[in-house]
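All remarks here apply to the structure that follows.
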Amino acid sequence: MSSTAGCTGPADRILLRFAAFVQGTLAGHPFRPDVALRNASMRAAHRCGVSQSDLARATGLTGQTVAKALAGKRTAE
């Protein structure tokens with residue numbers, strides 16, 4: 001199965017930018033659904049072929065936090 005299954009055109013980069021946007025604007029607030037939304041968008045971008053290191057760089061999160069988010073585990077935030 002291809003890692004880009006279900007993604008067309010620039011979808012992977014759009015999802016990456018959305019994850020970065022959510023991290024930069026919403027995740028600083030105590031309201032947790034924004035973190036879940038960020039994590040879901042990172043997982044979607046990853047399924048579309050965005051590497052873990054690109055996700056970490058774009059969002060400013062550590063590689064360990066990104067790995068937990070991609071695995072569907074709870075992050076420390």
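Chain labels A, B, ... are given in the sequence in which chains occur in the structure tokens; within each chain residues are numbered consecutively from 1, and ligands are likewise numbered from 1 in the order shown.
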| task | Tell me, as number ranges by chain, which residues lie within 10 Å of stretch 49-56 of chain A, counting only C-alpha atoms; anything in the same chain fewer than 3 positions away does not count. | result | A: 2-5, 7, 11-13, 15-17, 19-20, 42-46, 59-67, 70
| message | With DSSP run on the backbone, what are the alpha helix (DSSP H) residues within stretch 23-70 of chain A? I'd like them as a ChimeraX atom specification. | response | /A:23-25,33-47,52-59,63-70
Since we have the selection now, will you write its residues out, keeping N, CA and C atoms, as a compact mmCIF listing (two decimals), in the first residue's frame?
```txt
# COMPACT_ATOMS: atom_id res chain seq x y z
N GLN A 23 -0.81 24.25 15.74
CA GLN A 23 0.20 24.29 16.80
C GLN A 23 0.54 25.72 17.17
N GLY A 24 0.72 26.57 16.17
CA GLY A 24 1.16 27.93 16.42
C GLY A 24 0.11 28.85 16.99
N THR A 25 -1.16 28.59 16.72
CA THR A 25 -2.19 29.52 17.14
C THR A 25 -3.13 29.01 18.21
N PRO A 33 -9.21 19.93 22.74
CA PRO A 33 -9.57 19.49 21.39
C PRO A 33 -8.68 20.06 20.30
N ASP A 34 -8.06 21.20 20.53
CA ASP A 34 -7.15 21.75 19.53
C ASP A 34 -5.92 20.86 19.37
N VAL A 35 -5.44 20.28 20.46
CA VAL A 35 -4.29 19.38 20.38
C VAL A 35 -4.70 18.11 19.64
N ALA A 36 -5.90 17.62 19.89
CA ALA A 36 -6.38 16.44 19.18
C ALA A 36 -6.51 16.74 17.68
N LEU A 37 -6.97 17.93 17.35
CA LEU A 37 -7.09 18.33 15.95
C LEU A 37 -5.71 18.43 15.30
N ARG A 38 -4.75 19.01 16.01
CA ARG A 38 -3.39 19.10 15.50
C ARG A 38 -2.82 17.71 15.26
N ASN A 39 -2.98 16.82 16.24
CA ASN A 39 -2.46 15.47 16.11
C ASN A 39 -3.11 14.73 14.95
N ALA A 40 -4.41 14.89 14.79
CA ALA A 40 -5.11 14.24 13.67
C ALA A 40 -4.61 14.77 12.34
N SER A 41 -4.37 16.08 12.26
CA SER A 41 -3.88 16.64 10.99
C SER A 41 -2.44 16.19 10.72
N MET A 42 -1.65 16.02 11.78
CA MET A 42 -0.29 15.50 11.58
C MET A 42 -0.34 14.05 11.10
N ARG A 43 -1.25 13.25 11.67
CA ARG A 43 -1.37 11.86 11.22
C ARG A 43 -1.81 11.80 9.76
N ALA A 44 -2.74 12.67 9.38
CA ALA A 44 -3.20 12.70 7.99
C ALA A 44 -2.07 13.11 7.06
N ALA A 45 -1.30 14.12 7.45
CA ALA A 45 -0.16 14.56 6.62
C ALA A 45 0.86 13.44 6.51
N HIS A 46 1.09 12.73 7.59
CA HIS A 46 2.06 11.63 7.59
C HIS A 46 1.60 10.51 6.65
N ARG A 47 0.30 10.21 6.68
CA ARG A 47 -0.24 9.20 5.77
C ARG A 47 -0.07 9.63 4.31
N GLN A 52 8.25 12.43 9.44
CA GLN A 52 8.17 12.82 10.85
C GLN A 52 9.05 14.03 11.12
N SER A 53 10.22 14.06 10.52
CA SER A 53 11.13 15.20 10.75
C SER A 53 10.55 16.49 10.17
N ASP A 54 9.86 16.42 9.03
CA ASP A 54 9.21 17.61 8.47
C ASP A 54 8.09 18.10 9.38
N LEU A 55 7.35 17.16 9.95
CA LEU A 55 6.28 17.54 10.88
C LEU A 55 6.86 18.22 12.12
N ALA A 56 7.93 17.66 12.66
CA ALA A 56 8.56 18.25 13.85
C ALA A 56 9.08 19.65 13.54
N ARG A 57 9.72 19.79 12.41
CA ARG A 57 10.29 21.09 12.03
C ARG A 57 9.19 22.13 11.82
N ALA A 58 8.11 21.76 11.13
CA ALA A 58 7.04 22.70 10.82
C ALA A 58 6.24 23.12 12.06
N THR A 59 6.06 22.21 12.99
CA THR A 59 5.25 22.51 14.17
C THR A 59 6.06 23.02 15.35
N GLY A 63 10.75 15.55 18.20
CA GLY A 63 10.52 14.31 17.46
C GLY A 63 9.76 13.30 18.28
N GLN A 64 10.02 13.28 19.59
CA GLN A 64 9.34 12.34 20.48
C GLN A 64 7.85 12.66 20.57
N THR A 65 7.50 13.94 20.66
CA THR A 65 6.09 14.34 20.72
C THR A 65 5.38 14.00 19.42
N VAL A 66 6.05 14.26 18.30
CA VAL A 66 5.46 13.94 16.99
C VAL A 66 5.27 12.43 16.87
N ALA A 67 6.25 11.65 17.31
CA ALA A 67 6.13 10.20 17.24
C ALA A 67 4.94 9.70 18.06
N LYS A 68 4.74 10.27 19.24
CA LYS A 68 3.60 9.88 20.08
C LYS A 68 2.29 10.24 19.38
N ALA A 69 2.23 11.44 18.81
CA ALA A 69 1.02 11.88 18.12
C ALA A 69 0.72 10.97 16.93
N LEU A 70 1.74 10.61 16.18
CA LEU A 70 1.55 9.75 15.02
C LEU A 70 1.11 8.35 15.42
```
